[in-house]
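Visitor: Supplied in structure tokens, the structure appears directly below.
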Amino acid sequence: MPEIVQRTMVRAPLDEVFEMSLDLDVERVAGKRFKVRAVEGAGRTSGRIDLDEKVTWRLRLLGFPVTHTSHIVELDRPRRFVDQMSAGAFAQFRHEHSYEPEGPQMTIMTDRMSWRSPYGFLGRIADVLFVRRTLRQLLADRNSEIVRRFS
């Protein structure tokens, strides 16, 4: 399965960064480039998501609407949480979020995102052409928004 691993330094205490990372409103603001929004009536739409909760996102990729439902399947405050796709365009999708203190006012966020695109060989071509780049951009936008909120 393809994988993206990204580390981001945030000038803020571990517990505050962790809680900010669970805030769906951060994701919505960070996702402006792709018109990301939480779908009403399909799980949580704002505030902090918690263990066993779901959120359904709608966004636009290459001009097409895409829906992705994430389910928080693991939560170990303030060190780690995992969301997995329960419905959406991928055959499989998992995003592990890990947090480590680097002193009292610095946190290292590590994102490990893995997925399997549908349609076999065609899906692997899509991964090379645009899926990896798009997921990296979504992740970079989200992490930049978290960093910005602590600046």
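For the structure tokens, the naming scheme is as follows: chains receive sequential letters (A, B, ...) according to their order of presentation, residues are indexed from 1 within each chain, and ligands are indexed from 1 in presentation order.
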Could you pull out all residues of range 21-122 of chain A with a DSSP call of strand (DSSP E) and give them as a PyMOL selection string?

Guide: chain A and resi 37-38+54-61+64-76+80-88+92-101+107-116

Visitor: Could you write those residues out with N, CA and C atoms, as a short mmCIF file (atom, residue, chain, number, x, y, z; two decimals), in the first residue's frame?

Guide:
data_model
loop_
_atom_site.label_atom_id
_atom_site.label_comp_id
_atom_site.auth_asym_id
_atom_site.auth_seq_id
_atom_site.Cartn_x
_atom_site.Cartn_y
_atom_site.Cartn_z
N ARG A 37 -15.94 20.12 3.30
CA ARG A 37 -16.99 20.45 4.28
C ARG A 37 -17.54 19.15 4.86
N ALA A 38 -17.98 19.23 6.11
CA ALA A 38 -18.61 18.08 6.76
C ALA A 38 -20.07 18.02 6.32
N LYS A 54 -17.88 9.33 13.87
CA LYS A 54 -17.64 9.40 12.43
C LYS A 54 -17.92 10.81 11.93
N VAL A 55 -17.25 11.14 10.85
CA VAL A 55 -17.54 12.37 10.12
C VAL A 55 -17.48 12.04 8.64
N THR A 56 -18.44 12.58 7.89
CA THR A 56 -18.44 12.41 6.44
C THR A 56 -18.05 13.73 5.81
N TRP A 57 -16.97 13.69 5.05
CA TRP A 57 -16.45 14.87 4.37
C TRP A 57 -16.87 14.84 2.90
N ARG A 58 -17.16 16.01 2.38
CA ARG A 58 -17.38 16.15 0.94
C ARG A 58 -16.36 17.18 0.46
N LEU A 59 -15.67 16.86 -0.64
CA LEU A 59 -14.69 17.76 -1.20
C LEU A 59 -14.70 17.64 -2.71
N ARG A 60 -13.94 18.50 -3.36
CA ARG A 60 -13.88 18.46 -4.83
C ARG A 60 -12.46 18.14 -5.24
N LEU A 61 -12.32 17.09 -6.04
CA LEU A 61 -11.03 16.69 -6.58
C LEU A 61 -11.13 16.64 -8.10
N PHE A 64 -14.54 17.05 -9.46
CA PHE A 64 -15.57 16.07 -9.14
C PHE A 64 -15.82 16.02 -7.64
N PRO A 65 -17.09 15.89 -7.22
CA PRO A 65 -17.36 15.74 -5.78
C PRO A 65 -16.95 14.35 -5.29
N VAL A 66 -16.31 14.32 -4.13
CA VAL A 66 -15.87 13.07 -3.52
C VAL A 66 -16.36 13.08 -2.08
N THR A 67 -16.87 11.95 -1.62
CA THR A 67 -17.32 11.80 -0.23
C THR A 67 -16.45 10.76 0.46
N HIS A 68 -16.07 11.07 1.70
CA HIS A 68 -15.17 10.21 2.47
C HIS A 68 -15.64 10.21 3.92
N THR A 69 -15.98 9.05 4.47
CA THR A 69 -16.39 8.95 5.87
C THR A 69 -15.25 8.38 6.69
N SER A 70 -14.81 9.15 7.68
CA SER A 70 -13.75 8.74 8.60
C SER A 70 -14.35 8.31 9.92
N HIS A 71 -13.78 7.26 10.50
CA HIS A 71 -14.22 6.71 11.77
C HIS A 71 -13.02 6.71 12.71
N ILE A 72 -13.14 7.30 13.88
CA ILE A 72 -12.06 7.30 14.86
C ILE A 72 -12.06 5.94 15.54
N VAL A 73 -11.06 5.11 15.23
CA VAL A 73 -11.03 3.73 15.71
C VAL A 73 -10.07 3.52 16.88
N GLU A 74 -9.16 4.46 17.10
CA GLU A 74 -8.24 4.41 18.24
C GLU A 74 -8.04 5.83 18.75
N LEU A 75 -7.93 5.96 20.08
CA LEU A 75 -7.68 7.26 20.68
C LEU A 75 -6.95 7.05 22.00
N ASP A 76 -5.75 7.56 22.09
CA ASP A 76 -4.92 7.48 23.29
C ASP A 76 -4.43 8.89 23.60
N ARG A 80 -1.90 9.73 20.59
CA ARG A 80 -2.17 9.10 19.29
C ARG A 80 -3.66 8.94 19.05
N PHE A 81 -4.06 9.08 17.79
CA PHE A 81 -5.38 8.63 17.37
C PHE A 81 -5.32 8.16 15.93
N VAL A 82 -6.28 7.32 15.56
CA VAL A 82 -6.31 6.73 14.23
C VAL A 82 -7.71 6.89 13.65
N ASP A 83 -7.76 7.38 12.42
CA ASP A 83 -9.04 7.37 11.71
C ASP A 83 -8.90 6.46 10.49
N GLN A 84 -9.97 5.73 10.22
CA GLN A 84 -10.03 4.83 9.07
C GLN A 84 -11.27 5.17 8.26
N MET A 85 -11.17 4.97 6.97
CA MET A 85 -12.32 5.18 6.10
C MET A 85 -13.33 4.07 6.33
N SER A 86 -14.58 4.46 6.56
CA SER A 86 -15.64 3.46 6.65
C SER A 86 -16.50 3.46 5.38
N ALA A 87 -16.39 4.53 4.59
CA ALA A 87 -17.07 4.60 3.28
C ALA A 87 -16.35 5.67 2.47
N GLY A 88 -16.25 5.45 1.18
CA GLY A 88 -15.60 6.45 0.34
C GLY A 88 -14.99 5.86 -0.92
N GLN A 92 -9.24 1.12 0.64
CA GLN A 92 -8.83 1.11 2.05
C GLN A 92 -8.11 2.43 2.32
N PHE A 93 -8.30 2.98 3.55
CA PHE A 93 -7.63 4.24 3.92
C PHE A 93 -7.47 4.27 5.43
N ARG A 94 -6.26 4.62 5.90
CA ARG A 94 -5.96 4.71 7.33
C ARG A 94 -5.02 5.88 7.56
N HIS A 95 -5.31 6.67 8.62
CA HIS A 95 -4.48 7.82 8.96
C HIS A 95 -4.17 7.75 10.45
N GLU A 96 -2.89 7.52 10.77
CA GLU A 96 -2.42 7.50 12.16
C GLU A 96 -1.80 8.85 12.49
N HIS A 97 -2.24 9.43 13.59
CA HIS A 97 -1.75 10.72 14.07
C HIS A 97 -1.01 10.46 15.38
N SER A 98 0.29 10.80 15.45
CA SER A 98 1.07 10.60 16.66
C SER A 98 1.66 11.93 17.12
N TYR A 99 1.82 12.09 18.44
CA TYR A 99 2.30 13.33 19.02
C TYR A 99 3.36 13.05 20.08
N GLU A 100 4.47 13.79 20.00
CA GLU A 100 5.55 13.64 20.98
C GLU A 100 5.94 15.02 21.47
N PRO A 101 6.16 15.16 22.79
CA PRO A 101 6.66 16.45 23.27
C PRO A 101 8.13 16.61 22.91
N THR A 107 5.87 20.50 20.12
CA THR A 107 5.31 19.17 19.87
C THR A 107 5.66 18.75 18.46
N ILE A 108 5.98 17.48 18.30
CA ILE A 108 6.20 16.90 16.97
C ILE A 108 4.96 16.09 16.62
N MET A 109 4.30 16.48 15.55
CA MET A 109 3.17 15.71 15.02
C MET A 109 3.71 14.81 13.91
N THR A 110 3.36 13.54 13.96
CA THR A 110 3.73 12.63 12.88
C THR A 110 2.46 12.03 12.31
N ASP A 111 2.27 12.23 11.02
CA ASP A 111 1.13 11.67 10.30
C ASP A 111 1.62 10.52 9.44
N ARG A 112 0.93 9.39 9.54
CA ARG A 112 1.22 8.23 8.71
C ARG A 112 -0.09 7.85 8.01
N MET A 113 -0.14 8.13 6.72
CA MET A 113 -1.35 7.92 5.93
C MET A 113 -1.09 6.80 4.93
N SER A 114 -1.94 5.78 4.92
CA SER A 114 -1.80 4.69 3.95
C SER A 114 -3.16 4.44 3.31
N TRP A 115 -3.12 3.97 2.08
CA TRP A 115 -4.36 3.75 1.34
C TRP A 115 -4.15 2.70 0.25
N ARG A 116 -5.25 2.21 -0.22
CA ARG A 116 -5.27 1.34 -1.40
C ARG A 116 -6.35 1.88 -2.32
#

Visitor: Excluding Ala126 in chain A and its own-chain neighbours fewer than 5 positions away, which residues fall within 12 Å of it when counting only C-alpha atoms? Please give them as a list of chain:residue names.

Guide: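 The residues satisfying every condition are A:Pro2, A:Leu62, A:Phe90, A:Arg116, A:Ser117, A:Pro118, A:Tyr119, A:Gly120, A:Phe121, A:Val131, A:Arg132, A:Arg133, A:Thr134.
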
Visitor: Can you pull out every residue within 8 Å of Ile49 in chain A, counting only C-alpha atoms, but drop anything in the same chain fewer than 6 positions away, and send it as a ChimeraX atom specification?

Guide: /A:22-24,72

Visitor: Write the selection just made, keeping C-alpha atoms, as a PDB file, in the first residue's frame?

Guide:
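Below you can see out-v7.pdb, which holds the result:
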ATOM      1  CA  LEU A  22      -9.278  16.553  16.774  1.00  0.00           C
ATOM      2  CA  ASP A  23     -11.137  19.768  15.913  1.00  0.00           C
ATOM      3  CA  LEU A  24     -13.199  19.342  12.749  1.00  0.00           C
ATOM      4  CA  ILE A  72     -12.058   7.302  14.862  1.00  0.00           C
TER       5      ILE A  72
END

Visitor: Env of Pro78 in chain A: 7 Å cut, atoms = only C-alpha atoms, seq-sep filter 4 positions within chain, self excluded. Answer as a short mmCIF file (atom, residue, chain, number, x, y, z; two decimals) with C-alpha atoms, in the first residue's frame.

Guide:
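Output file out.cif is given in full below:
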data_model
loop_
_atom_site.label_atom_id
_atom_site.label_comp_id
_atom_site.auth_asym_id
_atom_site.auth_seq_id
_atom_site.Cartn_x
_atom_site.Cartn_y
_atom_site.Cartn_z
CA LEU A 14 1.48 18.45 23.51
CA ASP A 15 -2.04 18.34 24.95
CA PHE A 18 -3.51 17.00 20.26
#

Visitor: Just the residues within 10 Å of Val26 in chain A, please, counting only C-alpha atoms, with nothing from its chain fewer than 2 positions along; format it as a list in words.

Guide: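 Near neighbours after the sequence-gap exclusion: Met20, Ser21, Leu22, Asp23, Leu24, Arg28, Val29, Ala30, Gly31, Ser46, Gly47, Arg48, Asp141, Arg142, Asn143, Glu145, Ile146 and Arg149 of chain A.
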
Visitor: Please save C-alpha atoms of the selected residues as a PDB file, in the first residue's frame.

Guide:
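See out_24.pdb below for the written result:
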ATOM      1  CA  MET A  20      -6.552  21.030  18.136  1.00  0.00           C
ATOM      2  CA  SER A  21      -5.914  18.071  15.828  1.00  0.00           C
ATOM      3  CA  LEU A  22      -9.278  16.553  16.774  1.00  0.00           C
ATOM      4  CA  ASP A  23     -11.137  19.768  15.913  1.00  0.00           C
ATOM      5  CA  LEU A  24     -13.199  19.342  12.749  1.00  0.00           C
ATOM      6  CA  ARG A  28     -12.775  22.574   7.310  1.00  0.00           C
ATOM      7  CA  VAL A  29     -10.766  25.823   7.339  1.00  0.00           C
ATOM      8  CA  ALA A  30      -7.607  24.051   6.145  1.00  0.00           C
ATOM      9  CA  GLY A  31      -9.502  22.356   3.303  1.00  0.00           C
ATOM     10  CA  SER A  46     -18.062  20.484  14.014  1.00  0.00           C
ATOM     11  CA  GLY A  47     -16.140  20.613  17.267  1.00  0.00           C
ATOM     12  CA  ARG A  48     -13.824  17.911  18.546  1.00  0.00           C
ATOM     13  CA  ASP A 141      -2.817  22.366   4.455  1.00  0.00           C
ATOM     14  CA  ARG A 142      -4.219  20.816   7.644  1.00  0.00           C
ATOM     15  CA  ASN A 143      -0.898  20.860   9.473  1.00  0.00           C
ATOM     16  CA  GLU A 145      -3.493  25.521   9.780  1.00  0.00           C
ATOM     17  CA  ILE A 146      -2.659  23.873  13.136  1.00  0.00           C
ATOM     18  CA  ARG A 149      -3.322  28.743  15.099  1.00  0.00           C
TER      19      ARG A 149
END

Visitor: Would you list, as a PyMOL selection string, the residues of range 51-140 of chain A that end up in helix (DSSP H, G or I) under DSSP run on this structure's backbone?

Guide: chain A and resi 120-140

Visitor: Could you tell me how far CA of Glu102 in chain A sits from CA of Asp50 in chain A, in Å to one decimal place?

Guide: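 A separation of 24.8 Å between them.
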
Visitor: Quote the spacing between CA of Phe130 in chain A and CA of Arg148 in chain A in Å to one decimal place.

Guide: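 Going from CA of Phe130 in chain A over to CA of Arg148 in chain A, I get 26.5 Å.
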